[in-house]
Every structure is written in C-alpha cells, then in structure tokens.
Amino acid sequence: MAAAAAAVVAGEVTLAPAPASSPSSMQQTILSLASDCDSGCAQTVADRLTAAGCTRVRQFRSLGMVAAHCPTDASSSGGGGGAAGVGGMGAATASDEADGGGGQDWTTIPGVDAWEPDEGVTAATPVASTERTAVSAATRPYLWGRDRINQARLPLDRRIDTSRCYPRAGAGVHVFVLDTGCAWDHAEFSHLTRARHMAVVPAPGSDFPSGYDDNGHGTHVAGTVAGKTAGVAPDVYMTCVKVLRGDGNGTLADVVAGFDLATEWTINNPSVPVLLSVSLGAKRPDTSRGRGGRRPIDMAERAAIAAVSSGAVIVAAAGNSNEDACDYTPASDPHVIAVGNANRRDDLHKSSNWGRCVDVAAPGDRILSADATSMPDGLVAHTGTSMAAPHVTGLAALVLAETNGGRRLLDSAAVVSALTSPGGVRVGGSPMAWLDQETCDMSEK
C-alpha cells in the first residue's frame with residue numbers, strides 16, 4: 001500500500017481574530033456547499049467567486065467546501081465567523097459584535113449553504129515542562145506514557161511492550177497527522193522512511209514550500225504515534241500534513257485542506273483503516289447567537305463531520321485551557337474522539353480541558369518524543385492534550401490492525417469501547433484509555 005501524500009500539522013493552536021483591514025484588502029473566506037451541490041455546481045460557485053473579485057479559490061471536493069480570498073467590502077460582513085483555537089491553548093475569540101449589515105452574502109450564489117470569514121491561527125506552545133534537555137533515544141529512556149496505556153490501573157510496572165496481543169504494531173493502518181509538519185529525517189522515523197511508509201507534504205494549495213516541520217510540535221505528535229522508540233504503533237503508514245507555519249500561525253483554510261486530503265484518500269482506499277491525529281482545535285463559535293441576521297457556522301466541525309462520514313476516525317486534543325471541551329472544535333463534535341491529559345497519578349492535568357465532550361483520557365504530562373529541535377535522535381518532554389491524543393491514535397491503530405483489517409471497528413464509539421473498560425479508572429470524569437496485555441481481549445476488558 002503506498003503512503004498518501006500529506007503535510008504535517010502543529011498541535012496546540014489558537015485561532016485569533018484577524019487584524020483589521022482596509023476596505024480594499026482581501027479576506028480569506030470559507031464556504032460550505034449544499035449537500036446536492038455536485039462537481040459542476042462547485043465549479044460554478046468557484047467561477048462566481050472569481051467573477052466577484054475573489055482570488056486563490058480552492059475547492060475541497062471531498063468535504064463540499066470552498067475557500068477563497070475575497071474583497072473585504074464584499075465579504076467582511078454578513079456571515080459571522082466564530083474564533084477558533086487549535087489545541088485549545090487559551091484560544092482567543094473573535095468579537096461577537098461583528099456587524100452583519102451590508103456587504104455580499106455569498107449564500108446568494110446557488111449551491112452555497114453557508115460561509116464564514118477565516119480567522120487567523122496562532123500556535124500555542126505546550127504546557128511548560130521542567131524537562132527541557134533532549135535525551136538520546138539510544139539510551140532507551142523510560143516512557144511512562146507507554147507503560148500506562150498497557151495496564152488497567154496503577155502502579156506502573158515499567159513494562160511498555162504491547163507485541164504479545166498486538167503483534168502487527170499498527171501495520172496496515174494509515175495515520176494522517178495534521179500539525180506543523182514532520183522532521184522526516186529524525187532517527188525516530190528511520191524505520192518508516194526506509195520502508196517508504198511515511199509521507200510529509202504541505203496542505204494542498206497552501207504557501208508552504210514543503211511539509212517539513214520548522215516548529216517541532218508535529219514531529220513530537222508523530223513520534224508518539226509511530227516513533228521507533230517512543231511510538232505506540234510504529235508500523236503504521238503515516239502522512240504528515242503541514243497546516244501551520246513555523247511560527248505556529250496559519251489559517252483555517254489550510255487546516256480544512258488537510259482534512260480534505262485525508263478524506264479524499266479515505267474515500268479512494270475503502271479497505272484501509274484511516275485515523276486522523278489532530279492535536280489542534282478551535283474555540284467553537286456560539287451558534288446560538290446571531291450576528292447580522294446570521295448564526296455563526298462551525299466550519300472546522302463541518303470538515304470533521306465530512307471526514308468521519310468518509311470512514312475515517314478522528315482523534316483530537318481536548319485543549320489546554322482548563323475549560324469545558326465542548327467549547328472547542330473539533331473536540332466538541334460527538335463523532336470525534338476528544339482526549340484529555342492524564343498525569344502519572346491518574347489525575348487530570350490542571351491545564352487540560354474537561355467535561356462531557358472528553359471521551360477518554362491518556363498520558364500527556366512530560367511525554368518524551370521526537371522533536372524537530374532535537375536532531376538527529378533526541379527525545380524531548382512536552383506536556384499537553386496534544387501529547388495525550390497521539391497515545392490514543394496509536395492505541396486505536398493497534399486495535400484496528402488486529403481486527404479484520406480494522407474496518408469492523410471504524411466508528412469512534414466502537415474504538416472508544418475497545419480502549420476503555422466498564423468500572424475502570426476515570427480521570428476527570430473520563431475513562432482512561434488502555435489495552436489489555438494479559439487476555440488480549442479487544443472487546444470485553
């Protein structure tokens with residue numbers, strides 16, 4: 001199976017309000033198309049946008065969405081766009097007082113169901129850690145996160161092996177990592193690159209010259225999923241999709257482009273289990289409040305729903321704002337597996353988001369993994385839900401690889417059921433994710 005081309009994405013990020021601009025400037029806009037808008041309809045929408053003065057029109061056909069840079073005097077009012085925060089690290093919010101009067105209403109174009117102005121994306125660094133010095137993977141450092149995920153409860157037994165029950169180690173499962181990109185030449189990925197099981201590409205239509213990680217966050221996330229030392233499921237196929245710049249900033253349009261790439265690949269490869277590891281998120285717009293006669297639309301959620309509908313399973317960071325995870329997208333979507341950050345005492349980390357939208361908890365405190373700043377083989381400790389989520393992605397890959405090619409479990413509820421147990425440990429009200437290494441029972445632990 002050939003690895004899909006993709007770009008790597010950064011984990012903890014925050015969508016901040018776009019700076020004020022003059023009437024003559026251009027603003028990126030995200031449009032959602034009607035369910036009956038086929039490829040011809042989508043092309044007509046793109047042509048109408050171009051005729052209205054919009055540039056850089058991008059069609060996301062597998063999602064039924066479009067992005068374009070449009071004149072602000074035509075699109076700066078009317079749609080209403082909620083601010084978003086990727087990874088939920090103290091996400092900023094766009095003003096709820098945005099005026100909706102005047103300006104172009106893009107829903108007048110046949111086939112356009114809704115639209116929102118794209119908000120700027122700002123990466124938030126993982127929670128501060130006291131373990132800042134890189135350690136060489138060659139020293140085989142203790143990985144407490146991998147230790148915790150293969151046992152029902154504490155104390156930790158210092159055994160991290162999962163090969164007895166999950167000998168395929170994720171083989172046959174394709175994981176897309178949407179983040180800041182990946183440092184493919186880090187020693188943690190040598191087994192994947194040697195086998196051509198790793199692709200690192202920029203989000204389609206973005207300005208990124210490549211998918212290489214110039215931040216570090218995406219490499220850390222990918223290392224926890226599939227690193228040869230730190231990785232939970234080292235034999236997966238991996239595509240890193242870069243959706244954020246090296247300074248951690250970016251656009252929702254590039255994140256949507258990453259979703260579109262993964263969704264299209266899933267549709268074209270129906271027999272392959274596909275996981276999206278999304279250690280990013282956005283402050284969810286208050287869709288109950290209208291602005292200028294319209295209610296804001298959660299475009300990140302719409303993209304996630306389309307990806308899930310194609311057969312992919314999405315694992316997302318719940319966020320690091322010590323707030324209700326239901327206020328963040330895509331973690332708030334019931335079809336997405338939202339992950340909270342558990343520490344070594346099975347307590348919820350003080351920074352982690354919480355609440356009924358958190359499906360599971362996983363190790364996320366001072367997690368050692370690869371980092372683009374620790375070349376060629378260093379492991380660095382970071383803390384956050386961005387570190388917890390890839391543990392769950394890796395666990396899901398282990399299960400999917402052992403169960404009829406994984407398609408039988410390609411449903412978020414079934415995956416959560418396989419990774420948790422009734423009456424098991426709960427962290428901040430959410431079940432701890434783990435896999436049984438004694439009975440090898442993937443259904444009734």
# chains A, B, ... in the order shown; residues from 1 in each chain; ligands from 1
$ residues_around --residues "Thr385 of chain A" --least-positions-apart "3" --cutoff "6 Å" --atoms "only C-alpha atoms" --output "MDAnalysis selection string"
chainID A and resid 317 319 340:341 364 388
$ residues_around --residues "segment 301-315 of chain A" --least-positions-apart "2" --cutoff "7 Å" --atoms "only C-alpha atoms" --output "list in words"
Leu63, Val256, Phe259, Thr263, Thr266, Ile267, Val274, Leu275, Leu276, Ser277, Val278, Asp298, Met299, Thr329, Pro330, Asp333, Val336, Ile337, Ala338, Ala389, Thr393, Leu410, Asp411 and Ser412 of chain A
$ atom_distance --atom1 "atom CA of Val380 of chain A" --atom2 "atom CA of Val135 of chain A"
6.7 Å
$ closest_residue --among "A:Val236, A:Val225, A:Ile297, A:Ala282" --to "Ser332 of chain A" --atoms "only C-alpha atoms"
A:Ala282
$ select_by_dssp --residues "segment 130-244 of chain A" --states "alpha helix (DSSP H)" --output "JSON, numbers by chain"
{"A": [144, 145, 146, 147, 148, 190, 191, 192, 193, 194, 217, 218, 219, 220, 221, 222, 223, 224, 225, 226]}
$ write_last_selection --atoms "N, CA and C atoms" --output "mmCIF file, in the first residue's frame"
data_model
loop_
_atom_site.group_PDB
_atom_site.id
_atom_site.type_symbol
_atom_site.label_atom_id
_atom_site.label_comp_id
_atom_site.auth_asym_id
_atom_site.auth_seq_id
_atom_site.Cartn_x
_atom_site.Cartn_y
_atom_site.Cartn_z
ATOM 1 N N TRP A 144 6.943 6.631 30.413
ATOM 2 C CA TRP A 144 5.857 6.293 31.333
ATOM 3 C C TRP A 144 4.500 6.249 30.634
ATOM 4 N N GLY A 145 4.338 7.025 29.582
ATOM 5 C CA GLY A 145 3.071 7.018 28.867
ATOM 6 C C GLY A 145 2.782 5.665 28.247
ATOM 7 N N ARG A 146 3.780 5.082 27.601
ATOM 8 C CA ARG A 146 3.600 3.753 27.016
ATOM 9 C C ARG A 146 3.414 2.697 28.092
ATOM 10 N N ASP A 147 4.007 2.914 29.237
ATOM 11 C CA ASP A 147 3.816 1.994 30.363
ATOM 12 C C ASP A 147 2.359 2.028 30.835
ATOM 13 N N ARG A 148 1.801 3.222 30.926
ATOM 14 C CA ARG A 148 0.443 3.364 31.475
ATOM 15 C C ARG A 148 -0.629 2.806 30.551
ATOM 16 N N SER A 190 13.224 6.581 11.056
ATOM 17 C CA SER A 190 14.072 5.905 10.070
ATOM 18 C C SER A 190 13.448 4.611 9.566
ATOM 19 N N HIS A 191 12.738 3.907 10.438
ATOM 20 C CA HIS A 191 12.106 2.652 10.009
ATOM 21 C C HIS A 191 10.974 2.910 9.017
ATOM 22 N N LEU A 192 10.278 4.038 9.165
ATOM 23 C CA LEU A 192 9.187 4.375 8.249
ATOM 24 C C LEU A 192 9.718 4.882 6.915
ATOM 25 N N THR A 193 10.700 5.754 6.954
ATOM 26 C CA THR A 193 11.238 6.301 5.701
ATOM 27 C C THR A 193 11.962 5.220 4.907
ATOM 28 N N ARG A 194 12.640 4.330 5.608
ATOM 29 C CA ARG A 194 13.346 3.255 4.916
ATOM 30 C C ARG A 194 12.362 2.350 4.169
ATOM 31 N N HIS A 217 6.391 20.782 17.052
ATOM 32 C CA HIS A 217 5.200 20.181 17.639
ATOM 33 C C HIS A 217 4.705 18.969 16.861
ATOM 34 N N GLY A 218 4.613 19.099 15.546
ATOM 35 C CA GLY A 218 4.121 17.994 14.741
ATOM 36 C C GLY A 218 5.006 16.774 14.811
ATOM 37 N N THR A 219 6.313 16.990 14.859
ATOM 38 C CA THR A 219 7.256 15.876 14.971
ATOM 39 C C THR A 219 7.055 15.141 16.287
ATOM 40 N N HIS A 220 6.801 15.885 17.355
ATOM 41 C CA HIS A 220 6.576 15.282 18.665
ATOM 42 C C HIS A 220 5.318 14.414 18.647
ATOM 43 N N VAL A 221 4.251 14.941 18.060
ATOM 44 C CA VAL A 221 2.997 14.189 17.966
ATOM 45 C C VAL A 221 3.195 12.918 17.151
ATOM 46 N N ALA A 222 3.828 13.048 15.985
ATOM 47 C CA ALA A 222 4.049 11.894 15.119
ATOM 48 C C ALA A 222 4.936 10.853 15.797
ATOM 49 N N GLY A 223 5.915 11.316 16.569
ATOM 50 C CA GLY A 223 6.798 10.386 17.268
ATOM 51 C C GLY A 223 6.061 9.546 18.293
ATOM 52 N N THR A 224 5.060 10.132 18.958
ATOM 53 C CA THR A 224 4.282 9.363 19.929
ATOM 54 C C THR A 224 3.394 8.340 19.242
ATOM 55 N N VAL A 225 2.916 8.667 18.056
ATOM 56 C CA VAL A 225 2.105 7.705 17.304
ATOM 57 C C VAL A 225 2.965 6.555 16.809
ATOM 58 N N ALA A 226 4.095 6.859 16.149
ATOM 59 C CA ALA A 226 4.786 5.818 15.390
ATOM 60 C C ALA A 226 6.302 5.857 15.458
#
$ residues_around --residues "Gly170 of chain A" --least-positions-apart "4" --cutoff "9 Å" --atoms "only C-alpha atoms" --output "CSV table (one decimal) with N, CA and C atoms, in the first residue's frame"
chain,number,residue,atom,x,y,z
A,166,TYR,N,-0.7,-7.4,20.3
A,166,TYR,CA,-0.8,-6.6,19.1
A,166,TYR,C,0.4,-6.7,18.3
A,174,HIS,N,-3.5,3.5,8.2
A,174,HIS,CA,-2.9,4.7,7.7
A,174,HIS,C,-3.3,5.9,8.6
A,226,ALA,N,4.1,6.9,16.1
A,226,ALA,CA,4.8,5.8,15.4
A,226,ALA,C,6.3,5.9,15.5
A,232,VAL,N,3.7,4.4,19.9
A,232,VAL,CA,2.8,3.3,20.3
A,232,VAL,C,2.6,2.3,19.2
A,233,ALA,N,2.5,2.7,18.0
A,233,ALA,CA,2.2,1.9,16.9
A,233,ALA,C,3.2,2.1,15.8
A,234,PRO,N,4.4,1.6,15.9
A,234,PRO,CA,5.5,2.0,15.0
A,234,PRO,C,5.4,1.5,13.5
A,235,ASP,N,4.5,0.6,13.2
A,235,ASP,CA,4.4,0.0,11.9
A,235,ASP,C,3.3,0.6,11.0
A,236,VAL,N,2.7,1.7,11.5
A,236,VAL,CA,1.6,2.3,10.6
A,236,VAL,C,2.2,2.9,9.4
A,237,TYR,N,1.4,3.2,8.4
A,237,TYR,CA,1.7,4.1,7.4
A,237,TYR,C,1.4,5.5,7.9
A,394,GLY,N,-2.4,6.0,18.5
A,394,GLY,CA,-1.6,4.8,18.5
A,394,GLY,C,-2.3,3.5,19.0
A,395,LEU,N,-3.0,3.7,20.1
A,395,LEU,CA,-3.8,2.6,20.6
A,395,LEU,C,-4.8,2.1,19.6
A,396,ALA,N,-5.5,3.1,19.0
A,396,ALA,CA,-6.6,2.8,18.0
A,396,ALA,C,-5.9,2.0,16.8
A,397,ALA,N,-4.8,2.4,16.4
A,397,ALA,CA,-4.1,1.7,15.3
A,397,ALA,C,-3.7,0.3,15.7
A,398,LEU,N,-3.3,0.1,16.9
A,398,LEU,CA,-3.0,-1.3,17.4
A,398,LEU,C,-4.2,-2.2,17.2
A,399,VAL,N,-5.4,-1.7,17.7
A,399,VAL,CA,-6.6,-2.5,17.7
A,399,VAL,C,-7.1,-2.7,16.2
A,400,LEU,N,-7.1,-1.6,15.4
A,400,LEU,CA,-7.6,-1.7,14.1
A,400,LEU,C,-6.8,-2.7,13.2
A,401,ALA,N,-5.5,-2.7,13.5
A,401,ALA,CA,-4.6,-3.6,12.7
A,401,ALA,C,-4.9,-5.1,13.0
A,402,GLU,N,-5.4,-5.4,14.1
A,402,GLU,CA,-5.7,-6.8,14.5
A,402,GLU,C,-7.1,-7.3,14.3
$ select_by_dssp --residues "segment 179-374 of chain A" --states "strand (DSSP E)" --output "PyMOL selection string"
chain A and resi 179+198-202+237-242+250-251+274-278+282-283+313-317+328-329+337-342+360-363+367-370
$ atom_distance --atom1 "atom CA of Ala51 of chain A" --atom2 "atom CA of Asp113 of chain A"
19.0 Å
$ closest_residue --among "A:Ala42, A:Leu33, A:Val200, A:Ala187" --to "Trp115 of chain A" --atoms "only C-alpha atoms"
A:Leu33
$ residues_around --residues "Arg164 of chain A" --least-positions-apart "6" --cutoff "10 Å" --atoms "only C-alpha atoms" --output "PyMOL selection string"
chain A and resi 437-440
$ closest_residue --among "A:Gly181, A:Gly428, A:Gly216, A:Gly384" --to "Ala372 of chain A" --atoms "only C-alpha atoms"
A:Gly216
$ closest_residue --among "A:Ala433, A:Val57, A:Val415, A:Leu261" --to "Lys242 of chain A" --atoms "only C-alpha atoms"
A:Leu261
$ residues_around --residues "Asn150 of chain A" --least-positions-apart "4" --cutoff "7 Å" --atoms "only C-alpha atoms" --output "NGL selection string"
:A and (146 or 160 or 162 or 434-437)
$ atom_distance --atom1 "atom CA of Gly246 of chain A" --atom2 "atom CA of Asp213 of chain A"
7.1 Å
$ residues_around --residues "Met432 of chain A" --least-positions-apart "6" --cutoff "9 Å" --atoms "only C-alpha atoms" --output "PDB file with C-alpha atoms, in the first residue's frame"
ATOM      1  CA  ILE A 149      -1.530   2.519  28.344  1.00  0.00           C
ATOM      2  CA  ALA A 152      -5.711  -1.235  33.772  1.00  0.00           C
ATOM      3  CA  ARG A 153      -4.558   0.782  36.758  1.00  0.00           C
ATOM      4  CA  ALA A 342      -3.752  12.499  32.470  1.00  0.00           C
ATOM      5  CA  ASP A 346      -4.140   9.270  37.063  1.00  0.00           C
ATOM      6  CA  VAL A 360     -11.102   9.440  27.072  1.00  0.00           C
ATOM      7  CA  ALA A 361      -8.010  10.485  28.988  1.00  0.00           C
ATOM      8  CA  ALA A 362      -4.458   9.423  28.165  1.00  0.00           C
ATOM      9  CA  PRO A 363      -0.904  10.210  29.302  1.00  0.00           C
ATOM     10  CA  LEU A 419      -9.872   1.255  24.548  1.00  0.00           C
ATOM     11  CA  THR A 420     -11.824   1.538  27.799  1.00  0.00           C
ATOM     12  CA  SER A 421     -13.424  -0.794  30.329  1.00  0.00           C
ATOM     13  CA  GLY A 424     -12.197   1.161  35.024  1.00  0.00           C
ATOM     14  CA  VAL A 425     -10.139   4.137  36.117  1.00  0.00           C
ATOM     15  CA  ARG A 426     -11.687   7.521  35.365  1.00  0.00           C
TER      16      ARG A 426
END
$ closest_residue --among "A:Asp359, A:Asp365, A:Asp179, A:Glu264" --to "Arg345 of chain A" --atoms "only C-alpha atoms"
A:Asp365
$ closest_residue --among "A:Val112, A:Ala137, A:Leu252, A:Ala195" --to "Pro376 of chain A" --atoms "only C-alpha atoms"
A:Ala137
